[in-house]
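S.K.: What follows is a structure written as structure tokens; I'll ask about it next.
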Amino acid sequence: MTEQRGGPVDESCVLTEGPWTHRFVGANGSRFHVVEAGAGPMVLFLHGFPEYWWAWHQVLPAVADAGFRAVAVDLRGYGASDKPPRGYDGYTLAADVAGLIRALGERSATVVGAGAGGLIGWTAASFHPTLVRRLVVLGAPHPLRLRAAIFADPRGQFAASTPALKFQLPRYEHLLTRDGGAAVEEMLRRWGGPQWTRGPEFDAYARCCREAIQIPQAAFCALEGYRWAFRSVLRLHGYRFVRLMQKPLVTPTLQLHGALDTASLPRTAQGSGRYVTAEYEWRLLDGVGHFPHVEAPETVLGEILRWSKS
């Protein structure tokens with residue numbers, strides 16, 4: 001486990017040693033930091049905000065032990081991956097996933113995404129259906145469900161999305177890195193379930209995320225995806241994105257959602273199955289908030305293995 005350190009933070013803070021291998025892979029015009037273990041059919045893990053690949057540190061070795069090639073990636077702009085000033089739109093982020101699958105030498109993969117990574121997972125499966133064999137989404141409604149709920153549910157999803165609305169403010173990234181990334185810990189605590197945030201593992205996990213967000217440019221890049229999502233509503237390429245996302249999903253999809261999720265409300269996520277014509281399952285996790293992969297890793301592991309093997 002990484003400890004909070006004094007002085008400048010650099011990318012080495014996310015290169016934690018363990019039963020895995022760190023690699024750098026070129027895909028879609030950028031260099032990505034990936035962490036992998038095991039051999040077999042590939043399961044590609046996409047973290048959410050305000051996390052990095054470490055979100056999967058409990059699940060990754062167990063998936064590898066079960067006979068899979070488990071790969072966790074630092075998304076564009078996070079951790080030790082490249083941090084270009086542009087490319088945080090839905091099209092490019094989905095293309096990153098497709099490019100990574102190909103660059104890692106695979107024809108297809110089971111994609112597992114949490115939070116913002118789950119939104120990317122939905123998009124990648126929609127835009128690149130031949131590359132996403134099966135999809136597991138944690139804490140993320142279908143992007144069109146989320147967009148509709150923000151406008152149609154002012155006391156619910158719109159209110160829950162207030163922190164993301166604040167991300168639109170210029171230079172808001174400086175608030176994320178102030179006081180050693182204290183705002184990141186506040187978000188984890190606000191969105192996580194109380195059993196986890198009051199438990200013995202929360203402080204160490206929060207320290208890791210606080211340190212990673214202080215890597216130069218990481219905070220700016222992390223917010224750019226949210227900024228595109230909101231600004232694209234009034235732009236032509238945002239209208240085109242909505243049109244493309246309306247195409248029914250042909251990837252078998254498992255959706256896991258915390259019953260106590262205050263970032264993406266369960267009632268927002270629950271209607272996502274209407275966009276899937278393939279096999280689809282929904283499971284609500286009692287006592288869990290926005291981060292099921294760290295709040296209930298054993299439950300999530302079992303569901304990922306069941307879905308990947310079926």
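Residues are referred to by chain and number: the chain letter is A, B, ... according to the order shown in the structure tokens, the number counts from 1 in that chain, and ligands are numbered separately from 1 in the order shown.
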Using 12 Å as the limit and counting only C-alpha atoms, can you tabulate each residue of stretch 74-124 of chain A that touches stretch 32-35 of chain A, with its shortest atom-to-atom distance in Å and the two atoms involved, as CSV?

M.R.:
residue,atom,partner,partner_atom,distance
A:Asp74,CA,A:His33,CA,5.6
A:Leu75,CA,A:Phe32,CA,7.2
A:Arg76,CA,A:Phe32,CA,7.0
A:Gly77,CA,A:Phe32,CA,9.2
A:Tyr78,CA,A:His33,CA,9.1
A:Gly79,CA,A:His33,CA,7.7
A:Ala80,CA,A:His33,CA,5.6
A:Ser81,CA,A:Phe32,CA,4.4
A:Asp82,CA,A:Phe32,CA,6.2
A:Lys83,CA,A:Phe32,CA,9.6
A:Pro84,CA,A:Phe32,CA,11.5
A:Asp96,CA,A:Phe32,CA,9.2
A:Val97,CA,A:Phe32,CA,10.5
A:Gly99,CA,A:Phe32,CA,10.4
A:Leu100,CA,A:Phe32,CA,8.3
A:Ile101,CA,A:Val34,CA,11.4
A:Ala103,CA,A:Phe32,CA,10.4
A:Leu104,CA,A:Val34,CA,9.8

S.K.: What's around stretch 241-250 of chain A at 8 Å? Count only C-alpha atoms, leave out sequence neighbours fewer than 2 positions away in its own chain, and write the answer as a list in words.

M.R.: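 After dropping sequence-adjacent residues, the list is Gly90, Tyr91, Thr123, Ala125, Ser126, Phe127, Pro129, Leu144, His237, Gly238, Tyr239, Pro252, Tyr275, Val276, Thr277 and Ala278 of chain A.
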
S.K.: Quick one: write out the picked residues with C-alpha atoms as a CSV table (one decimal), in the first residue's frame?

M.R.:
chain,number,residue,atom,x,y,z
A,90,GLY,CA,-16.9,9.8,-25.4
A,91,TYR,CA,-15.7,8.9,-28.9
A,123,THR,CA,-19.8,3.5,-24.9
A,125,ALA,CA,-19.6,-1.8,-26.2
A,126,SER,CA,-21.9,0.3,-28.3
A,127,PHE,CA,-19.3,1.7,-30.7
A,129,PRO,CA,-19.4,-4.4,-30.3
A,144,LEU,CA,-28.5,8.2,-22.1
A,237,HIS,CA,-20.9,16.3,-31.8
A,238,GLY,CA,-22.9,15.7,-28.6
A,239,TYR,CA,-26.1,15.3,-30.6
A,252,PRO,CA,-24.3,-9.4,-23.0
A,275,TYR,CA,-30.8,-0.2,-24.3
A,276,VAL,CA,-29.6,-3.8,-24.3
A,277,THR,CA,-31.1,-6.4,-26.7
A,278,ALA,CA,-28.6,-9.1,-25.7

S.K.: Based on DSSP run over this structure's backbone, return all residues of stretch 142-251 of chain A in alpha helix (DSSP H), as a PyMOL selection string.

M.R.: chain A and resi 143-152+159-160+162-166+173-191+194-197+202-213+218-231+236-245

S.K.: I want to know what sits within 9 Å of A:Gln270, based on only C-alpha atoms, with residues of the same chain fewer than 3 positions away left out; could you give that as a tab-separated table (two decimals) with N, CA, C and O atoms, in the first residue's frame?

M.R.:
chain	number	residue	atom	x	y	z
A	141	PRO	N	-25.08	4.18	-14.75
A	141	PRO	CA	-26.22	4.03	-15.65
A	141	PRO	C	-25.74	4.10	-17.10
A	141	PRO	O	-24.65	4.59	-17.38
A	145	ARG	N	-29.44	7.17	-20.09
A	145	ARG	CA	-30.28	7.17	-18.89
A	145	ARG	C	-29.80	8.28	-17.95
A	145	ARG	O	-30.61	9.01	-17.37
A	255	GLN	N	-25.21	-5.62	-14.90
A	255	GLN	CA	-25.16	-4.31	-14.24
A	255	GLN	C	-25.30	-4.49	-12.73
A	255	GLN	O	-26.32	-4.99	-12.24
A	257	HIS	N	-25.17	-2.50	-9.02
A	257	HIS	CA	-25.32	-1.12	-8.52
A	257	HIS	C	-25.56	-1.14	-7.02
A	257	HIS	O	-26.35	-1.94	-6.51
A	265	LEU	N	-27.79	7.49	-8.85
A	265	LEU	CA	-28.87	6.91	-8.06
A	265	LEU	C	-29.35	5.60	-8.67
A	265	LEU	O	-29.42	5.45	-9.89
A	266	PRO	N	-29.71	4.63	-7.82
A	266	PRO	CA	-30.21	3.36	-8.34
A	266	PRO	C	-31.40	3.52	-9.28
A	266	PRO	O	-31.50	2.81	-10.28
A	267	ARG	N	-32.28	4.47	-8.99
A	267	ARG	CA	-33.44	4.63	-9.86
A	267	ARG	C	-33.05	5.18	-11.23
A	267	ARG	O	-33.76	4.99	-12.22
A	273	GLY	N	-31.41	-1.25	-18.87
A	273	GLY	CA	-31.62	-2.47	-19.64
A	273	GLY	C	-32.40	-2.26	-20.92
A	273	GLY	O	-32.31	-3.08	-21.84
A	282	TRP	N	-29.58	-7.40	-13.97
A	282	TRP	CA	-29.46	-6.27	-13.05
A	282	TRP	C	-29.39	-6.82	-11.63
A	282	TRP	O	-30.17	-7.70	-11.27
A	284	LEU	N	-28.97	-5.32	-7.56
A	284	LEU	CA	-28.80	-4.24	-6.59
A	284	LEU	C	-28.09	-4.79	-5.37
A	284	LEU	O	-28.49	-5.82	-4.82

S.K.: Extract, using only C-alpha atoms, all DNA, RNA and protein residues at most 9 Å from A:Trp307, discarding same-chain residues fewer than 4 positions from it, and format them as a list in words.

M.R.: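 The residues satisfying every condition are Thr110, Arg134, Leu135, Val136, Pro252, Thr253, Leu254, Gly302 and Glu303 of chain A.
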
S.K.: Using only N, CA and C atoms, please write the residues we just selected to a file, as an mmCIF file, in the first residue's frame.

M.R.:
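Output (out.cif):
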data_model
loop_
_atom_site.group_PDB
_atom_site.id
_atom_site.type_symbol
_atom_site.label_atom_id
_atom_site.label_comp_id
_atom_site.auth_asym_id
_atom_site.auth_seq_id
_atom_site.Cartn_x
_atom_site.Cartn_y
_atom_site.Cartn_z
ATOM 1 N N THR A 110 -13.701 -9.292 -22.131
ATOM 2 C CA THR A 110 -14.754 -8.892 -21.199
ATOM 3 C C THR A 110 -14.307 -7.572 -20.582
ATOM 4 N N ARG A 134 -18.156 -9.410 -23.462
ATOM 5 C CA ARG A 134 -19.172 -9.290 -22.418
ATOM 6 C C ARG A 134 -18.869 -8.030 -21.621
ATOM 7 N N LEU A 135 -19.882 -7.471 -20.976
ATOM 8 C CA LEU A 135 -19.738 -6.197 -20.275
ATOM 9 C C LEU A 135 -20.268 -6.333 -18.854
ATOM 10 N N VAL A 136 -19.472 -5.828 -17.901
ATOM 11 C CA VAL A 136 -19.906 -5.729 -16.506
ATOM 12 C C VAL A 136 -19.781 -4.266 -16.096
ATOM 13 N N PRO A 252 -23.747 -8.977 -24.232
ATOM 14 C CA PRO A 252 -24.334 -9.427 -22.959
ATOM 15 C C PRO A 252 -23.822 -8.575 -21.801
ATOM 16 N N THR A 253 -24.736 -8.036 -21.009
ATOM 17 C CA THR A 253 -24.384 -7.004 -20.030
ATOM 18 C C THR A 253 -24.900 -7.358 -18.643
ATOM 19 N N LEU A 254 -24.008 -7.269 -17.661
ATOM 20 C CA LEU A 254 -24.347 -7.431 -16.254
ATOM 21 C C LEU A 254 -24.178 -6.085 -15.571
ATOM 22 N N GLY A 302 -17.185 -12.604 -7.519
ATOM 23 C CA GLY A 302 -18.017 -13.736 -7.882
ATOM 24 C C GLY A 302 -18.890 -13.450 -9.108
ATOM 25 N N GLU A 303 -19.437 -12.241 -9.169
ATOM 26 C CA GLU A 303 -20.289 -11.867 -10.291
ATOM 27 C C GLU A 303 -19.487 -11.726 -11.590
#

S.K.: What's the 9 Å shell around stretch 182-186 of chain A, counting only C-alpha atoms, without same-chain residues fewer than 3 positions away, as a PDB file with C-alpha atoms, in the first residue's frame?

M.R.:
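Saved the output as selection_20.pdb:
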ATOM      1  CA  PRO A  50     -11.444   9.794  -8.381  1.00  0.00           C
ATOM      2  CA  GLU A  51      -9.513   6.524  -8.602  1.00  0.00           C
ATOM      3  CA  LEU A 175      -9.375  22.523  -5.446  1.00  0.00           C
ATOM      4  CA  LEU A 176      -8.900  18.772  -5.963  1.00  0.00           C
ATOM      5  CA  THR A 177      -5.162  18.919  -5.251  1.00  0.00           C
ATOM      6  CA  ARG A 178      -5.314  21.438  -2.388  1.00  0.00           C
ATOM      7  CA  ASP A 179      -4.362  20.157   1.088  1.00  0.00           C
ATOM      8  CA  ARG A 189     -16.568   9.423   1.812  1.00  0.00           C
ATOM      9  CA  ARG A 190     -19.668  11.143   0.383  1.00  0.00           C
ATOM     10  CA  TRP A 191     -20.277   8.570  -2.339  1.00  0.00           C
ATOM     11  CA  ASP A 203      -8.168   5.550   5.132  1.00  0.00           C
ATOM     12  CA  ALA A 206      -8.227   7.273   0.323  1.00  0.00           C
ATOM     13  CA  ARG A 207      -4.523   8.047   0.821  1.00  0.00           C
ATOM     14  CA  CYS A 209      -6.314   8.142  -4.406  1.00  0.00           C
ATOM     15  CA  ARG A 210      -5.307  11.456  -2.840  1.00  0.00           C
ATOM     16  CA  ILE A 213      -4.661  12.913  -8.099  1.00  0.00           C
TER      17      ILE A 213
END

S.K.: Within 10 Å of A:Gly193, counting only C-alpha atoms, which residues qualify if same-chain residues fewer than 4 places away don't, as JSON, numbers by chain?

M.R.: {"A": [188, 189, 197, 198, 258, 259, 260, 261, 262, 286, 287, 288, 289, 290, 291, 292, 295]}

S.K.: If you count only C-alpha atoms, which residues fall within 6 Å of stretch 214-231 of chain A, apart from same-chain ones fewer than 2 positions away, as an MDAnalysis selection string?

M.R.: chainID A and resid 9:10 77:78 88:89 168 173 177 211:212 233

S.K.: Enter the distance from atom CA of A:Phe158 to atom CA of A:Ser264, in Å, rounded to one decimal.

M.R.: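 Between atom CA of A:Phe158 and atom CA of A:Ser264 the gap works out to 9.8 Å.
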
S.K.: In Å, how far is it from atom CA of A:Val43 to atom CA of A:Ser308?

M.R.: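 A separation of 8.0 Å between them.
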
S.K.: From the list A:Leu169, A:Ser161, A:Val294, A:Pro143, which residue is nearest A:Phe202 when using only C-alpha atoms?

M.R.: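 The shortest atom-to-atom distance to A:Phe202 comes from A:Val294.
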